[in-house]
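First comes the structure, then the notes that go with it.
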Amino acid sequence: MADTAELTTFREETRAWLEANCPPEMREPVKSEEDVCWGGRHFQFQSAAQKSWLEAMAARGWTTPDWPKEVGGGGLSPAEAKILKEELRRINARNPLNSFGISMLGPALLKYGTDEQKQRFLPPIVRGEIRWCQGYSEPGAGSDLAGLQTKAEDKGDHWLVNGQKVWTSYADKADWIFCLVRTSTESKHGGISFLLFDMESEGVSTKPILLISGYSPFCETFMDDVKVPKDQVVGEVNKGWDVAKYLLGHEREMISGMGLGGGSALLGKSVGAIDDPVLRAEIAAFDVDALAFAAMSERFIDQLKAGEAHPAMPSMMKYSGTELNKRRHELVMAAGGADTLEWESERSRKGKPAREWLRTKANSIEGGTSEVQLGIIAKHILRLPGA
Amino acid sequence: MTLLTDDQRQLHDMAKSFLAEEGTIKQQLRHWRDIGCKDGFGHGLWKQFAELGLTGIAIPEDKGGLGLGATEAALVLEEVGRNLTPSPFLTTAVAAVRALEGTAQGDRWFPGILSGETVAALAVDEGKHHRPDAVATTATRSGNGFTLNGGKQFVVHGASADMILVAARTGGSAGEREGLTLFAVERDAKGMEVENVALTDHSKAARLTLTDVAVDADAVVGEVDAGWAPLSRALNAGRAGSAAELVGVAAGAADMTTDYLKQRKQFGKLIGEFQALQHRAAHLFSEIQIARAAAYKAAELLDAGSDRAELMVHVAKAKAGRAAALAVQEGVQMHGGIGMTDEHDIGFYIKRQAVLDRLFGDWRFHAGEVARLAGY
Ligand SMILES: Cc1cc2nc3c(=O)[nH]c(=O)nc-3n(C[C@H](O)[C@H](O)[C@H](O)COP(=O)(O)OP(=O)(O)OC[C@H]3O[C@@H](n4cnc5c(N)ncnc54)[C@H](O)[C@@H]3O)c2cc1C
């Protein structure tokens with residue numbers, strides 16, 4: 001659809017502003033993990049460009065374009081936010097900030113937080129000042145998340161938290177955690193609360209977990225008599241499961257974006273000449289699926305903004321997007337042959353293709369496994385019995 | 001078109017209720033099959049399409065049509081697919097009309113199409129696979145016209161058509177797009193032998209043998225040697241349209257299957273309680289959603305005249321073909337033995353999918369075109 005006059009003006013202004021404010025270095029593809037800006041109290045910027053790009057975008061609220069202005073967001077309409085996204089993609093701009101605060105906690109606070117909580121927590125998320133991690137999973141509670149055991153006892157003026165979380169991505173680098181705790185044992189889903197606390201609180205410790213890809217941004221998180229102020233529960237006590245599920249919808253929506261493989265470029269185009277007809281056919285079939293999924297993503301986002309998406313649709317997007325991304329990386333490895341098997345060499349950029357391929361295997365596990373997503377679709381969309 | 005406009009929603013609702021009332025498997029497909037109808041569709045229903053304005057969906061407003069685009073056609077075709085409604089809508093009202101648009105032949109045939117009197121067909125394929133640039137049928141100049149020689153197959157509704165658009169070579173050679181010319185040939189033209197063939201899905205297509213078929217110069221649609229332009233307009237519309245119809249076929253089969261999972265009991269449980277089936281049903285749901293998004297996107301880009309339209313049309317036809325294949329195969333399997341019986345309707349879906357997938361090129365052809373357009 002063609003832009004209206006106002007949107008055309010918005011597009012022109014946006015384009016001009018990005019031209020002036022997005023440093024050339026921030027228009028190059030990300031080369032390594034270090035290139036990704038996460039912000040937070042202890043974040044070390046890799047370059048002046050990385051810092052100024054974050055600051056410029058945050059000042060306009062464009063790290064969170066569709067959040068209200070009152071909490072520091074951009075206040076853009078869905079149509080304007082879409083234009084901003086298109087213009088960012090047009091110049092291949094890097095994400096100014098990667099943040100669980102933006103993609104997960106923020107939406108949950110906007111819906112369930114008190115005014116005081118919104119004012120206290122949202123603006124630092126927009127500016128990338130506080131880095132968050134997610135404390136959901138426990139050793140005995142993965143897919144069966146509501147089986148969690150970490151306990152928060154009401155001590156009158158504070159909560160006393162004891163227990164262990166696992167798989168907490170970036171817990172060792174994060175400033176704060178959003179966490180599910182058990183505040184009652186009377187009912188499984190009805191005894192969970194959604195709690196926020198500072199990772200520097202006394203009694204919190206972390207231990208890294210090394211992945212098969214050689215990356216280690218994951219941790220076990222231990223909580224030993226951690227005192228948390230009473231006003232740091234989001235939503236009602238014992239009703240945290242609603243907040244948790246709402247947040248998971250956003251997490252799944254974020255993860256589903258991986259199906260796009262960071263862009264909509266055709267895989268066949270990016271791997272170069274393919275002399276194996278079987279591989280060419282597989283890649284062509286993949287590109288069909290990927291382009292169709294890109295159309296679905298666009299439609300899904302628009303439906304979501306218009307309030308027309310079924311609440312369980314993020315599960316469908318997460319499932320399809322992550323399975324697609326795994327297939328993409330299988331094909332990248334197949335097309336790259338022996339070169340992509342190198343692990344430490346400079347030529348292979350320290351084994352980037354192989355490490356990424358291995359990392360994608362978690363896509364269909366993190367944020368709820370593919371099997372769990374299929375179960376949600378069967379139950380909530382298809383309404384199959386007993387699911 | 002990621003979201004529908006109000007007008008599009010209205011049209012969709014209208015098509016939905018019209019076809020769910022008048023276009024059902026029982027009243028149309030099964031009925032015409034059982035009585036051995038030579039057309040494979042009902043002219044009465046085609047008249048109803050006309051009364052609703054649908055035969056003129058793509059005909060320009062100044063020629064009396066609705067002047068709508070690929071998007072609106074897709075919405076109607078999805079419902080056609082869901083009900084397996086046999087009609088000339090896709091080939092006549094969507095594909096052939098696009099070839100005729102803006103040509104003198106358009107003025108000649110549009111009134112009949114608008115009134116639901118006229119059926120048009122497209123004769124492109126010559127071998128068992130869809131390879132439009134491989135056309136070898138020749139058209140040589142003679143007198144003030146042309147003489148056509150060659151053979152065609154998979155001419156949907158060919159024997160019922162009043163006019164057949166025949167792609168032939170006035171120049172160039174097989175594999176080239178230049179040198180093709182499109183002719184509007186009347187069905188009873190002398191020298192054109194029309195063999196009516198019943199297809200697997202109980203629809204009818206024709207094999208044509210053209211032996212010295214003489215046509216006037218004004219039978220040319222568009223320009224001599226430049227037939228690729230009207231032909232590709234028709235093919236794009238037909239491909240995008242058949243993608244949408246396949247999405248409807250897939251959705252219809254999947255809905256029928258989901259309902260069955262909620263009714264059939266085995267081992268003292270509803271079979272829909274078995275997780276193995278739940279997960280497959282949920283996967284199928286996802287694939288259909290994605291195929292629908294692709295079909296809508298292709299239609300949107302065609303209507304916008306985007307230079308990405310052709311790529312997306314190939315994507316849509318390939319994706320819809322695969323999603324529908326999965327839907328109908330899972331449909332029969334999850335119905336168990338009853339799914340194999342003629343009495344049950346699920347079998348009609350698997351047959352229709354097979355035909356629609358091949359029509360205007362199967363999913364392999366279109367995936368290959370995606371690779372070719374991308375340059376690998
Ligand atoms: C890289 C990575 C990052 C992560 N980041 C975070 C994070 O930041 N914070 C956080 O809290 N968690 C995080 N997680 C944890 C993640 O959410 C869990 O790993 C996930 O929910 C699965 O739980 P599990 O590992 O205990 O597997 P399990 O639940 O033990 O599952 C094992 C297998 O059984 C299957 N299964 C289980 N139940 C069913 C069922 N009902 N039907 C069919 N199959 C079933 C699963 O699909 C899986 O295949 C992360 C995980 C990974 C791998």
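Ligands are numbered from 1 in the order shown, residues from 1 within each chain, and chains are lettered A, B, ... in the order they appear in the structure tokens.
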Test item: residues at most 10 Å from Asp357 of chain B, only C-alpha atoms, excluding those fewer than 3 positions along its chain, as a PyMOL selection string: chain B and resi 239+242-243+245-246+317-318+320-322+324-325+352-354+360-364
Please identify the residues whose atoms come within 8 Å of ligand 1, using only C-alpha atoms and all ligand atoms, and report them as a PyMOL selection string. (chain A and resi 133-145+165-171+179+211+218+359+362-363+365-372+375) or (chain B and resi 275)
Check: which chain A residues lie within 9 Å of chain B using only C-alpha atoms, as a ChimeraX atom specification: /A:1-2,266,268-269,272-274,280-281,283-289,291-300,302-303,306,316-317,319-320,371,373-379,381-387
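The space between atom CA of Leu100 of chain B and atom CA of Gly241 of chain B spans 16.7 Å.
Here atom CA of Leu331 of chain A and atom CA of Ile301 of chain A stand 27.3 Å from one another.
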